[in-house]
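Q: Right, I'll just put the structure down here and ask away after.
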Amino acid sequence: WTRLNYPEVFNTAQLLHEVDHLSWWRKRNDLPATEPVVSPETIRQLEHGISCLLKDQGRGRLCTIETYRRGDVHYFFAYPDDYSETAHKHDDAGNLIPVVINKTMQVVFAYDQSAGSLETYAKLPKRMKEGLENCFAACILGGTLSDQSPTKTFEMNQLKDPDFHLQTDPQDCVAAQVVRMRIAHQSNGRKLDVAIDRTNPGESIYRAIQETLQSDVRSLSQWNIISVAIHFEFLPKADRKPGRQTITVSFPNTCNVRSERSERIEIIQKYLRRWNIDCGRSTQTASHTLGATAATV
């Protein structure tokens with residue numbers, strides 16, 4: 001009924017549903033904080049740029065982009081052609097015939113104009129994701145990015161301090177706790193995963209680490225934190241429903257917070273910045289060349 005009577009509402013809901021089910025995003029925070037140029041011309045340029053990046057792989061012959069804005073975040077949903085597949089079906093005469101299916105793959109950009117950050121989702125290798133980021137900057141922001149992406153977007157070593165508390169504001173009606181931590185030894189690279197017993201109300205990640213390493217938690221000075229899972233508990237507040245959400249952040253630049261419920265994303269991101277897990281804008285300055293076009297991609 002909604003699709004027939006309110007197609008625009010239905011299509012928007014479908015786009016947001018897709019975002020909510022994408023698991024991992026690559027983030028960089030060295031883009032210029034500016035209003036993106038979203039016009040039919042720049043969208044065509046971005047479609048062409050994505051197609052050019054994929055053509056050597058036999059993909060991307062055609063590409064279609066849909067856009068949506070939520071607050072300061074601009075979403076770009078790209079659907080370039082993927083590899084062709086062959087299936088078999090029966091024709092009207094009952095004969096078995098091959099049919100070529102031209103599927104599309106999905107690429108999503110989430111650009112926050114207030115923070116100058118870009119999150120990209122694509123099932124592609126790192127080199128090609130960097131190409132997508134540069135393509136986006138050239139076509140939509142009218143500039144170019146630095147040759148080197150930021151070395152890190154997320155930092156978690158401050159969580160090694162057992163006196164570090166994930167403090168929240170009372171008015172937000174939310175509590176947070178680290179429930180899993182993955183650490184790597186600085187000398188030999190050995191990795192260790194530690195998780196708390198969530199059925200024990202007095203459990204903490206530091207106690208779990210101390211028992212696992214069989215030494216004082218201060219010995220973490222020889223380890224780096226490479227991934228954490230943080231559990232958020234949202235208490236009832238006005239129209240917001242209560243609930244629980246666990247997000248995972250990994251060094252240097254991946255996080256699944258973008259796939260959480262929209263009403264919770266802003267609060268989670270607020271505290272990731274406050275706790276200095278999200279490093280904010282990089283000290284590297286984006287090279288912003290006005291007038292650059294997709295021809296430079």
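Identifiers for the structure tokens are assigned positionally: chains receive A, B, ... in sequence, residues are indexed from 1 per chain, and ligands are indexed from 1 in the order shown.
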Could you give me, as a VMD selection string, each residue of segment 46-203 of chain A that DSSP assigns to strand (DSSP E or B) when run on this structure's backbone?
A: chain A and resid 63 to 70 73 to 90 96 to 104 107 to 112 117 to 122 154 174 to 185 191 to 195
Q: Counting only C-alpha atoms, what is within 6 Å of segment 169-178 of chain A, bar same-chain residues fewer than 3 positions away, as a list in words?
A: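 That gives Ala229, Ile230, His231, Phe232, Glu233, Phe234 and Leu235 of chain A.
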Q: For segment 265-279 of chain A, list every protein, DNA or RNA residue within 8 Å, evaluated using only C-alpha atoms, and leave out those in the same chain fewer than 5 positions away; present the list as a PyMOL selection string.
A: chain A and resi 152-156+166+168+172+257-258+260
Q: Compile the contact shell of segment 198-207 of chain A as a VMD selection string: residues with an atom at most 10 Å away, counting only C-alpha atoms, same-chain residues fewer than 5 positions apart removed.
A: chain A and resid 159 to 163 177 to 181 212 216 to 218 220
Q: May I have the residues from that selection written out with N, CA, C and O atoms, as a compact mmCIF listing (two decimals), in the first residue's frame?
A:
```
# COMPACT_ATOMS: atom_id res chain seq x y z
N LEU A 159 42.22 3.42 26.08
CA LEU A 159 41.36 2.52 26.85
C LEU A 159 42.17 1.52 27.66
O LEU A 159 41.60 0.76 28.46
N LYS A 160 43.50 1.49 27.49
CA LYS A 160 44.32 0.59 28.29
C LYS A 160 44.35 1.03 29.75
O LYS A 160 44.61 0.22 30.64
N ASP A 161 44.10 2.28 29.99
CA ASP A 161 44.13 2.82 31.35
C ASP A 161 42.87 2.38 32.10
O ASP A 161 41.76 2.76 31.73
N PRO A 162 43.01 1.59 33.17
CA PRO A 162 41.82 1.15 33.91
C PRO A 162 41.06 2.28 34.57
O PRO A 162 39.91 2.10 34.99
N ASP A 163 41.69 3.47 34.68
CA ASP A 163 41.00 4.62 35.25
C ASP A 163 40.23 5.42 34.20
O ASP A 163 39.59 6.43 34.54
N GLN A 177 29.82 0.42 27.98
CA GLN A 177 30.81 -0.47 28.59
C GLN A 177 31.57 -1.21 27.51
O GLN A 177 30.99 -1.66 26.52
N VAL A 178 32.89 -1.33 27.68
CA VAL A 178 33.70 -2.14 26.77
C VAL A 178 33.46 -3.61 27.12
O VAL A 178 33.69 -4.03 28.26
N VAL A 179 32.99 -4.38 26.15
CA VAL A 179 32.66 -5.78 26.41
C VAL A 179 33.63 -6.75 25.72
O VAL A 179 33.65 -7.95 26.04
N ARG A 180 34.42 -6.24 24.78
CA ARG A 180 35.42 -7.09 24.14
C ARG A 180 36.58 -6.21 23.70
O ARG A 180 36.38 -5.07 23.29
N MET A 181 37.78 -6.77 23.80
CA MET A 181 38.97 -6.02 23.40
C MET A 181 39.94 -6.97 22.72
O MET A 181 40.18 -8.08 23.21
N THR A 212 43.26 -13.10 32.22
CA THR A 212 43.75 -13.80 31.03
C THR A 212 45.27 -13.74 30.95
O THR A 212 45.94 -14.74 30.66
N ASP A 216 49.21 -7.94 36.28
CA ASP A 216 48.52 -6.69 36.51
C ASP A 216 48.14 -6.05 35.19
O ASP A 216 48.89 -6.11 34.20
N VAL A 217 46.98 -5.40 35.19
CA VAL A 217 46.50 -4.80 33.96
C VAL A 217 47.44 -3.70 33.46
O VAL A 217 47.42 -3.35 32.28
N ARG A 218 48.30 -3.18 34.31
CA ARG A 218 49.25 -2.15 33.88
C ARG A 218 50.24 -2.68 32.86
O ARG A 218 50.90 -1.92 32.15
N LEU A 220 49.65 -3.81 30.18
CA LEU A 220 49.15 -3.52 28.83
C LEU A 220 50.01 -2.48 28.12
O LEU A 220 49.79 -2.22 26.93
```
